[in-house]
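Novice: After the structure tokens below, expect a handful of questions from me.
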Amino acid sequence: MKPNRVVCSVLAVLWTASVFCTAHVEAARPPNLVFILADDLGWTDLGCQGSRYYETPAIDALAAEGMRFTAYYNCQNCAPTRAALMSGQYAPRTGIYTVASGARGKEADRRMIPVDNVQKLPLDKVTVAEALRRAGYRTGMFGKWHLGTDDRHHPSQRGFDEAIVANGRHFDFKPVPPEPVAANAYLADWLTDHAVDFIRRHREEPFFLYLPHFAVHSPLQAKADLIERFRNRPAAEGHNHAVYAAMIASVDESVGRVMACLESLGLADDTVLIFSSDNGGVGGYASPVFEGRKGTTDNWPLREGKGSLHEGGVRVPLLVRWPGHVKPGSRCDAPLIHVDLYPTLLALAGAEAPTGQPLDGASFAGLLTANEHEMAKRPPIFWHFPGYLESYIRENTWRTTPVSVIRDGDFKLMEFLEDGHLELYNLDEDLSETTNLAATLPDKRDELLGRLREWRVRLDAPMPQPIRR
């Protein structure tokens, strides 16, 4: 499923928030904004992304009615992605690099002291919800937050007029704040009930709805009737898990219900609907001990999966629909990253950026609405992970060790911080990252390494320190 080297079918001329100045809607009311985020859904876990096992008719319809981005990136696991989406800032500015601690795995196997990890979004960060609320939007969030749920850090205190946090289990879950839950309620359905209710109650005013599902994160739990649908289905290209397939089907049902609600209320044409996942799927892990690739799913042709800074861990689906503005069935191969969403939503809403808070991304609103132009070159995109994530498939190995990454155009450079070794890939020619070009393209290697290190200095990115034994 390697993307062809094509120019986006709908392209931007500039990569700044001002790119959207010519594309603002002339009507007094700005568009509604709906962002549905799956959890741990891999790049190929949708029908429109190539799966021949999982069923996603609603999400496939969303892709057919809008634009599919083939090179959109988040972080390697959930908390740093959510921090970047809400703050518009890379991890060195928020201090959120992972879940819990970056000192994962066995201490004896680590060669560096990881940077301390922040677990709650700092209170001085103005969230995208706060910025949109200042612009007149009603804001609602229902689902997985993962940026703090105490009285000060709960999303209800971070810009959302209405907010319920619920994750951890798909049955027998406990919302925060507490709320009655019917016996045998399934979390994806329950969250969608709240999302649809929010849309109905606020249909007369612009709204921002953030629906971050806990599905398809473990524990693997699904509705019995959906599991039965997939129980005897033949495996296809590493996709073979009936319970996981049923969980994807529930996320798809959620997307379909939101789309149906917007249509029934006459809001579909006035709503920008966005769908993505927080990181790569749990699978595709190569093992020298066992044959094949291991995990719940498989991200092939991408290398590795959740927790890795290779493509399978960070490249995820991104679909955007806005009838009358986004060309149906269009596709864009331009690289985008999580910090781009904040300025994009502000541009779509005609909202002002917060003062005193640098936004690290670039609006891609123009990609959605401009006519066919040759794309201007965007700035590089970056990751910095100064910690460890243990392997899922065998002991004493890692999904990632401390690493910094830059992607610029077709090239991606990874600097592994334990020993300084470098990996350079041309993703246009080698999407699966099989051929390290660091030795054969020294000029490109050194150019990207210099830009990566300059970026770390500019953001004052903290570095893990060697353990001296």
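As shown in the structure tokens, the chain order sets the letters A, B, ...; within each chain, residues go from 1, and ligands are also counted from 1 in the order they appear.
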Report as a list in words: the residues of segment 303-340 of chain A with a DSSP assignment of strand (DSSP E), based on the backbone of this structure.
Specialist: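 Written out, the strand (DSSP E) residues of segment 303-340 of chain A are Arg315, Val316, Pro317, Leu318, Leu319, Val320, Arg321, Ser330, Arg331, Cys332, Leu336 and Ile337 of chain A.
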Novice: I need the chosen residues saved as an mmCIF file, in the first residue's frame, with C-alpha atoms.
Specialist:
```
data_model
loop_
_atom_site.group_PDB
_atom_site.id
_atom_site.type_symbol
_atom_site.label_atom_id
_atom_site.label_comp_id
_atom_site.auth_asym_id
_atom_site.auth_seq_id
_atom_site.Cartn_x
_atom_site.Cartn_y
_atom_site.Cartn_z
ATOM 1 C CA ARG A 315 2.174 7.003 10.899
ATOM 2 C CA VAL A 316 -1.615 6.822 11.299
ATOM 3 C CA PRO A 317 -4.784 7.401 9.273
ATOM 4 C CA LEU A 318 -6.110 10.934 8.844
ATOM 5 C CA LEU A 319 -9.417 11.588 7.079
ATOM 6 C CA VAL A 320 -11.131 14.959 6.711
ATOM 7 C CA ARG A 321 -14.596 15.667 5.291
ATOM 8 C CA SER A 330 -9.195 13.224 -2.767
ATOM 9 C CA ARG A 331 -5.851 12.148 -1.390
ATOM 10 C CA CYS A 332 -2.803 13.998 -0.120
ATOM 11 C CA LEU A 336 1.696 16.324 8.425
ATOM 12 C CA ILE A 337 2.085 15.904 12.182
#
```
Novice: Quick one: residues within 10 Å of His310 of chain A, only C-alpha atoms, excluding same-chain residues fewer than 5 positions away - as a PyMOL selection string?
Specialist: chain A and resi 76+280+302-305+315+399-400+405+412+414+432-433
Novice: Mind checking which residues fall within 12 Å of Leu265 of chain A, counting only C-alpha atoms, ignoring those fewer than 6 positions away in the same chain, and posting them as a PyMOL selection string?
Specialist: chain A and resi 196-197+199-204+258-259+271
Novice: Give me a file of those residues, with C-alpha atoms, as a PDB file, in the first residue's frame.
Specialist:
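File part13.pdb, as written:
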```
ATOM      1  CA  VAL A 196     -24.658  12.743  19.565  1.00  0.00           C
ATOM      2  CA  ASP A 197     -26.539  14.362  22.431  1.00  0.00           C
ATOM      3  CA  ILE A 199     -24.466  17.802  18.773  1.00  0.00           C
ATOM      4  CA  ARG A 200     -28.254  17.858  19.068  1.00  0.00           C
ATOM      5  CA  ARG A 201     -28.239  20.297  21.985  1.00  0.00           C
ATOM      6  CA  HIS A 202     -25.786  22.700  20.352  1.00  0.00           C
ATOM      7  CA  ARG A 203     -26.902  22.519  16.730  1.00  0.00           C
ATOM      8  CA  GLU A 204     -27.857  26.220  16.713  1.00  0.00           C
ATOM      9  CA  VAL A 258     -22.039  10.901  14.228  1.00  0.00           C
ATOM     10  CA  MET A 259     -22.292  11.252  10.455  1.00  0.00           C
ATOM     11  CA  THR A 271     -19.144  20.614   9.748  1.00  0.00           C
TER      12      THR A 271
END
```
Novice: Would you mind listing, for every residue of segment 115-142 of chain A within 12 Å of segment 458-467 of chain A, the two atoms forming the shortest contact and the distance between them in Å to one decimal, using only C-alpha atoms, sorted by chain and ascending residue number, as a tab-separated table?
Specialist:
```
residue	atom	partner	partner_atom	distance
A:Val115	CA	A:Pro464	CA	5.3
A:Asp116	CA	A:Pro464	CA	9.1
A:Asn117	CA	A:Pro462	CA	10.6
```
Novice: Please identify all polymer residues within 12 Å of Ala103 of chain A, counting only C-alpha atoms, omitting same-chain residues fewer than 3 positions from it, and present them as a PyMOL selection string.
Specialist: chain A and resi 97-100+106-117+385-390+398+400-402+464
Novice: With N, CA and C atoms retained, export the selected residues as a short mmCIF file (atom, residue, chain, number, x, y, z; two decimals), in the first residue's frame.
Specialist:
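Saved result, result-v7.cif, follows:
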```cif
data_model
loop_
_atom_site.label_atom_id
_atom_site.label_comp_id
_atom_site.auth_asym_id
_atom_site.auth_seq_id
_atom_site.Cartn_x
_atom_site.Cartn_y
_atom_site.Cartn_z
N TYR A 97 6.35 12.89 27.33
CA TYR A 97 7.00 12.06 26.32
C TYR A 97 6.39 10.67 26.20
N THR A 98 5.71 10.22 27.26
CA THR A 98 5.21 8.86 27.26
C THR A 98 4.12 8.74 28.32
N VAL A 99 3.72 7.52 28.59
CA VAL A 99 2.75 7.22 29.65
C VAL A 99 3.53 6.81 30.90
N ALA A 100 3.17 7.38 32.02
CA ALA A 100 3.83 7.07 33.30
C ALA A 100 5.30 7.47 33.25
N LYS A 106 13.67 -3.34 32.10
CA LYS A 106 14.60 -3.65 33.19
C LYS A 106 15.73 -2.63 33.26
N GLU A 107 15.98 -2.15 34.46
CA GLU A 107 17.02 -1.13 34.64
C GLU A 107 18.37 -1.61 34.14
N ALA A 108 18.67 -2.88 34.34
CA ALA A 108 19.97 -3.42 33.93
C ALA A 108 20.17 -3.35 32.43
N ASP A 109 19.07 -3.29 31.67
CA ASP A 109 19.17 -3.26 30.21
C ASP A 109 19.25 -1.84 29.66
N ARG A 110 19.02 -0.85 30.52
CA ARG A 110 19.06 0.54 30.04
C ARG A 110 20.48 1.07 30.15
N ARG A 111 20.89 1.81 29.13
CA ARG A 111 22.24 2.39 29.10
C ARG A 111 22.22 3.89 29.38
N MET A 112 21.02 4.46 29.53
CA MET A 112 20.91 5.89 29.79
C MET A 112 19.88 6.13 30.88
N ILE A 113 19.98 7.29 31.53
CA ILE A 113 18.99 7.72 32.52
C ILE A 113 17.95 8.54 31.78
N PRO A 114 16.70 8.06 31.70
CA PRO A 114 15.69 8.79 30.95
C PRO A 114 15.37 10.14 31.59
N VAL A 115 14.89 11.04 30.76
CA VAL A 115 14.40 12.33 31.24
C VAL A 115 13.12 12.11 32.05
N ASP A 116 12.96 12.86 33.14
CA ASP A 116 11.72 12.77 33.91
C ASP A 116 10.53 13.12 33.01
N ASN A 117 9.46 12.35 33.15
CA ASN A 117 8.29 12.52 32.30
C ASN A 117 7.17 13.23 33.04
N PHE A 385 12.28 11.52 21.79
CA PHE A 385 11.86 10.57 22.81
C PHE A 385 13.06 10.18 23.67
N PRO A 386 13.22 10.81 24.84
CA PRO A 386 14.40 10.59 25.68
C PRO A 386 14.18 9.51 26.74
N GLY A 387 13.58 8.38 26.34
CA GLY A 387 13.28 7.31 27.29
C GLY A 387 13.27 5.95 26.63
N TYR A 388 12.65 4.99 27.31
CA TYR A 388 12.62 3.60 26.86
C TYR A 388 11.19 3.08 26.87
N LEU A 389 10.88 2.24 25.89
CA LEU A 389 9.65 1.46 25.89
C LEU A 389 10.01 0.01 25.63
N GLU A 390 9.62 -0.85 26.57
CA GLU A 390 10.03 -2.24 26.49
C GLU A 390 9.32 -2.97 25.35
N TRP A 398 13.76 -3.78 23.16
CA TRP A 398 12.99 -2.55 23.24
C TRP A 398 12.15 -2.32 21.99
N THR A 400 11.54 0.93 21.58
CA THR A 400 12.44 2.03 21.26
C THR A 400 13.35 2.31 22.44
N THR A 401 14.56 2.74 22.12
CA THR A 401 15.49 3.33 23.07
C THR A 401 15.46 4.84 22.82
N PRO A 402 16.17 5.65 23.61
CA PRO A 402 16.15 7.11 23.38
C PRO A 402 16.54 7.46 21.95
N PRO A 464 18.63 12.52 27.69
CA PRO A 464 18.97 11.46 28.65
C PRO A 464 20.48 11.40 28.85
#
```
Novice: Counting only C-alpha atoms, which residue out of A:Gly50, A:Gly168, A:Gly350, A:Gly66 sits closest to Leu273 of chain A?
Specialist: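 Among the listed residues, the smallest separation from Leu273 of chain A belongs to A:Gly66.
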Novice: Hey, which bits of segment 170-258 of chain A sit within 12 Å of segment 159-166 of chain A, and for each residue what's the closest pair of atoms and how far apart in Å (one decimal), counting only C-alpha atoms, rows by chain and increasing number, as CSV?
Specialist:
```
residue,atom,partner,partner_atom,distance
A:His170,CA,A:Ala166,CA,9.2
A:Phe171,CA,A:Ala166,CA,10.8
A:Asp172,CA,A:Ala166,CA,10.5
A:Phe173,CA,A:Ala166,CA,6.8
A:Lys174,CA,A:Ala166,CA,6.3
A:Pro175,CA,A:Ala166,CA,4.6
A:Val176,CA,A:Val165,CA,5.0
A:Pro177,CA,A:Ile164,CA,6.4
A:Pro178,CA,A:Ile164,CA,8.6
A:Glu179,CA,A:Ile164,CA,8.9
A:Val181,CA,A:Ala166,CA,11.0
A:Tyr186,CA,A:Ala166,CA,11.3
A:Leu187,CA,A:Ala166,CA,7.8
A:Ala188,CA,A:Ala166,CA,9.8
A:Asp189,CA,A:Ala166,CA,11.9
A:Trp190,CA,A:Ala166,CA,9.6
A:Leu191,CA,A:Ala166,CA,8.2
A:Thr192,CA,A:Ile164,CA,11.8
A:His194,CA,A:Ile164,CA,9.0
A:Ala195,CA,A:Ala163,CA,10.3
A:Asp197,CA,A:Glu162,CA,11.4
A:Phe198,CA,A:Glu162,CA,8.6
A:Ile199,CA,A:Glu162,CA,11.7
A:Arg201,CA,A:Glu162,CA,11.7
A:His202,CA,A:Asp161,CA,11.4
A:Phe207,CA,A:Asp161,CA,10.3
A:Phe208,CA,A:Phe160,CA,8.9
A:Leu209,CA,A:Phe160,CA,9.2
A:Tyr210,CA,A:Phe160,CA,9.2
A:Leu211,CA,A:Ala163,CA,10.1
A:Pro212,CA,A:Val165,CA,9.4
A:His213,CA,A:Ala166,CA,8.8
A:Phe214,CA,A:Ala166,CA,7.8
A:Ala215,CA,A:Ala166,CA,11.1
```
Novice: Kindly provide the residues of segment 124-233 of chain A that approach segment 80-94 of chain A to within 8 Å, each paired with its closest atom pair and their distance in Å to one decimal, based on only C-alpha atoms, listed by chain and increasing number, as JSON lines.
Specialist:
```
{"residue": "A:Lys125", "atom": "CA", "partner": "A:Ser87", "partner_atom": "CA", "distance": 6.2}
{"residue": "A:Val126", "atom": "CA", "partner": "A:Ser87", "partner_atom": "CA", "distance": 6.4}
{"residue": "A:Thr127", "atom": "CA", "partner": "A:Met86", "partner_atom": "CA", "distance": 5.0}
{"residue": "A:Val128", "atom": "CA", "partner": "A:Met86", "partner_atom": "CA", "distance": 5.4}
{"residue": "A:Ala129", "atom": "CA", "partner": "A:Met86", "partner_atom": "CA", "distance": 7.5}
{"residue": "A:Trp145", "atom": "CA", "partner": "A:Arg82", "partner_atom": "CA", "distance": 7.4}
{"residue": "A:His146", "atom": "CA", "partner": "A:Arg82", "partner_atom": "CA", "distance": 7.4}
{"residue": "A:Leu147", "atom": "CA", "partner": "A:Ala83", "partner_atom": "CA", "distance": 6.9}
```
Novice: Would you write out those residues with N, CA and C atoms, as a PDB file, in the first residue's frame?
Specialist:
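Final file, result_2.pdb:
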```pdb
ATOM      1  N   LYS A 125      -0.449  25.933  29.640  1.00  0.00           N
ATOM      2  CA  LYS A 125      -0.722  25.685  28.233  1.00  0.00           C
ATOM      3  C   LYS A 125      -2.182  26.001  27.914  1.00  0.00           C
ATOM      4  N   VAL A 126      -2.392  26.850  26.918  1.00  0.00           N
ATOM      5  CA  VAL A 126      -3.743  27.160  26.445  1.00  0.00           C
ATOM      6  C   VAL A 126      -4.140  26.074  25.463  1.00  0.00           C
ATOM      7  N   THR A 127      -5.159  25.291  25.796  1.00  0.00           N
ATOM      8  CA  THR A 127      -5.555  24.203  24.912  1.00  0.00           C
ATOM      9  C   THR A 127      -6.296  24.744  23.698  1.00  0.00           C
ATOM     10  N   VAL A 128      -6.371  23.916  22.668  1.00  0.00           N
ATOM     11  CA  VAL A 128      -7.125  24.309  21.473  1.00  0.00           C
ATOM     12  C   VAL A 128      -8.590  24.525  21.818  1.00  0.00           C
ATOM     13  N   ALA A 129      -9.101  23.790  22.804  1.00  0.00           N
ATOM     14  CA  ALA A 129     -10.483  23.992  23.228  1.00  0.00           C
ATOM     15  C   ALA A 129     -10.672  25.381  23.841  1.00  0.00           C
ATOM     16  N   TRP A 145      -8.739  11.156  27.959  1.00  0.00           N
ATOM     17  CA  TRP A 145      -8.043  12.431  28.068  1.00  0.00           C
ATOM     18  C   TRP A 145      -6.549  12.216  28.255  1.00  0.00           C
ATOM     19  N   HIS A 146      -6.181  11.524  29.337  1.00  0.00           N
ATOM     20  CA  HIS A 146      -4.809  11.088  29.617  1.00  0.00           C
ATOM     21  C   HIS A 146      -3.843  12.241  29.858  1.00  0.00           C
ATOM     22  N   LEU A 147      -4.376  13.389  30.274  1.00  0.00           N
ATOM     23  CA  LEU A 147      -3.528  14.549  30.550  1.00  0.00           C
ATOM     24  C   LEU A 147      -3.797  15.108  31.946  1.00  0.00           C
TER      25      LEU A 147
END
```
Novice: Ala242 of chain A: which residues within 9 Å, counting only C-alpha atoms, same-chain residues fewer than 2 positions away excluded, as a ChimeraX atom specification?
Specialist: /A:54,226-233,239-240,244-247
Novice: Go ahead and write the selection's residues with C-alpha atoms as a short mmCIF file (atom, residue, chain, number, x, y, z; two decimals), in the first residue's frame.
Specialist:
```cif
data_model
loop_
_atom_site.label_atom_id
_atom_site.label_comp_id
_atom_site.auth_asym_id
_atom_site.auth_seq_id
_atom_site.Cartn_x
_atom_site.Cartn_y
_atom_site.Cartn_z
CA TYR A 54 -11.55 -5.46 9.14
CA LEU A 226 -19.61 -8.31 16.47
CA ILE A 227 -17.06 -10.91 17.55
CA GLU A 228 -19.22 -13.58 15.96
CA ARG A 229 -19.19 -11.70 12.65
CA PHE A 230 -15.44 -12.16 12.37
CA ARG A 231 -14.91 -15.46 14.15
CA ASN A 232 -14.53 -17.65 11.05
CA ARG A 233 -13.21 -15.05 8.63
CA HIS A 239 -5.14 -9.10 10.13
CA ASN A 240 -6.78 -12.04 11.86
CA TYR A 244 -9.93 -6.66 17.66
CA ALA A 245 -11.93 -6.58 14.43
CA ALA A 246 -15.12 -6.29 16.48
CA MET A 247 -13.64 -3.37 18.41
#
```
Novice: Among segment 151-291 of chain A, which ones does DSSP place in helix (DSSP H, G or I), written as a ChimeraX atom specification?
Specialist: /A:155-157,187-201,224-230,242-264,268-270
Novice: Which polymer residues have any atom within 10 Å of an atom of Gly47 of chain A, counting only C-alpha atoms, with same-chain residues fewer than 3 positions away left out, as a PDB file with N, CA and C atoms, in the first residue's frame?
Specialist:
```
ATOM      1  N   THR A  44      -3.083   0.532   8.596  1.00  0.00           N
ATOM      2  CA  THR A  44      -3.791  -0.303   7.625  1.00  0.00           C
ATOM      3  C   THR A  44      -5.028  -0.970   8.212  1.00  0.00           C
ATOM      4  N   GLY A  50      -6.655  -0.223   3.102  1.00  0.00           N
ATOM      5  CA  GLY A  50      -6.156  -1.450   2.514  1.00  0.00           C
ATOM      6  C   GLY A  50      -6.520  -2.741   3.203  1.00  0.00           C
ATOM      7  N   SER A  51      -7.135  -2.701   4.384  1.00  0.00           N
ATOM      8  CA  SER A  51      -7.440  -3.955   5.070  1.00  0.00           C
ATOM      9  C   SER A  51      -8.508  -4.740   4.313  1.00  0.00           C
ATOM     10  N   ARG A  52      -8.283  -6.040   4.202  1.00  0.00           N
ATOM     11  CA  ARG A  52      -9.268  -6.937   3.605  1.00  0.00           C
ATOM     12  C   ARG A  52      -9.886  -7.858   4.670  1.00  0.00           C
ATOM     13  N   TYR A  53      -9.659  -7.533   5.921  1.00  0.00           N
ATOM     14  CA  TYR A  53     -10.223  -8.319   7.030  1.00  0.00           C
ATOM     15  C   TYR A  53     -11.169  -7.474   7.881  1.00  0.00           C
ATOM     16  N   TYR A  54     -10.701  -6.332   8.341  1.00  0.00           N
ATOM     17  CA  TYR A  54     -11.546  -5.456   9.142  1.00  0.00           C
ATOM     18  C   TYR A  54     -12.612  -4.794   8.269  1.00  0.00           C
ATOM     19  N   GLU A  55     -13.768  -4.495   8.876  1.00  0.00           N
ATOM     20  CA  GLU A  55     -14.872  -3.847   8.164  1.00  0.00           C
ATOM     21  C   GLU A  55     -15.098  -2.455   8.736  1.00  0.00           C
ATOM     22  N   THR A  56     -14.986  -1.433   7.884  1.00  0.00           N
ATOM     23  CA  THR A  56     -15.173  -0.047   8.324  1.00  0.00           C
ATOM     24  C   THR A  56     -15.986   0.733   7.286  1.00  0.00           C
ATOM     25  N   PRO A  57     -17.235   0.349   7.030  1.00  0.00           N
ATOM     26  CA  PRO A  57     -18.001   1.014   5.971  1.00  0.00           C
ATOM     27  C   PRO A  57     -18.246   2.492   6.215  1.00  0.00           C
ATOM     28  N   ALA A  58     -18.495   2.896   7.459  1.00  0.00           N
ATOM     29  CA  ALA A  58     -18.748   4.313   7.735  1.00  0.00           C
ATOM     30  C   ALA A  58     -17.483   5.136   7.541  1.00  0.00           C
ATOM     31  N   ILE A  59     -16.361   4.643   8.059  1.00  0.00           N
ATOM     32  CA  ILE A  59     -15.106   5.373   7.910  1.00  0.00           C
ATOM     33  C   ILE A  59     -14.676   5.397   6.445  1.00  0.00           C
ATOM     34  N   ASP A  60     -14.919   4.315   5.735  1.00  0.00           N
ATOM     35  CA  ASP A  60     -14.622   4.296   4.304  1.00  0.00           C
ATOM     36  C   ASP A  60     -15.467   5.332   3.562  1.00  0.00           C
ATOM     37  N   ALA A  61     -16.727   5.484   3.976  1.00  0.00           N
ATOM     38  CA  ALA A  61     -17.583   6.507   3.359  1.00  0.00           C
ATOM     39  C   ALA A  61     -17.058   7.904   3.663  1.00  0.00           C
ATOM     40  N   ALA A  63     -13.955   8.693   4.065  1.00  0.00           N
ATOM     41  CA  ALA A  63     -12.823   8.891   3.160  1.00  0.00           C
ATOM     42  C   ALA A  63     -13.300   9.196   1.747  1.00  0.00           C
TER      43      ALA A  63
END
```
Novice: Grab the atom CA of Ala131 of chain A to atom CA of Arg257 of chain A distance for me, in Å with one decimal place.
Specialist: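 One can read the atom CA of Ala131 of chain A to atom CA of Arg257 of chain A distance as 27.4 Å.
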Novice: Report as JSON lines: every residue of segment 313-336 of chain A with an atom at most 8 Å from segment 361-369 of chain A, its closest pair of atoms, and their distance in Å to one decimal, counting only C-alpha atoms, with rows sorted by chain and ascending residue number.
Specialist:
```
{"residue": "A:His325", "atom": "CA", "partner": "A:Thr369", "partner_atom": "CA", "distance": 5.4}
{"residue": "A:Val326", "atom": "CA", "partner": "A:Leu368", "partner_atom": "CA", "distance": 5.3}
{"residue": "A:Lys327", "atom": "CA", "partner": "A:Leu368", "partner_atom": "CA", "distance": 7.8}
```
Novice: Could you check the closest approach to Phe382 of chain A for each of A:Val118, A:Asn74, A:Leu431, A:Asp270 and tell me which residue wins, using only C-alpha atoms?
Specialist: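 Residue with the minimum atom-to-atom distance to Phe382 of chain A: A:Asn74.
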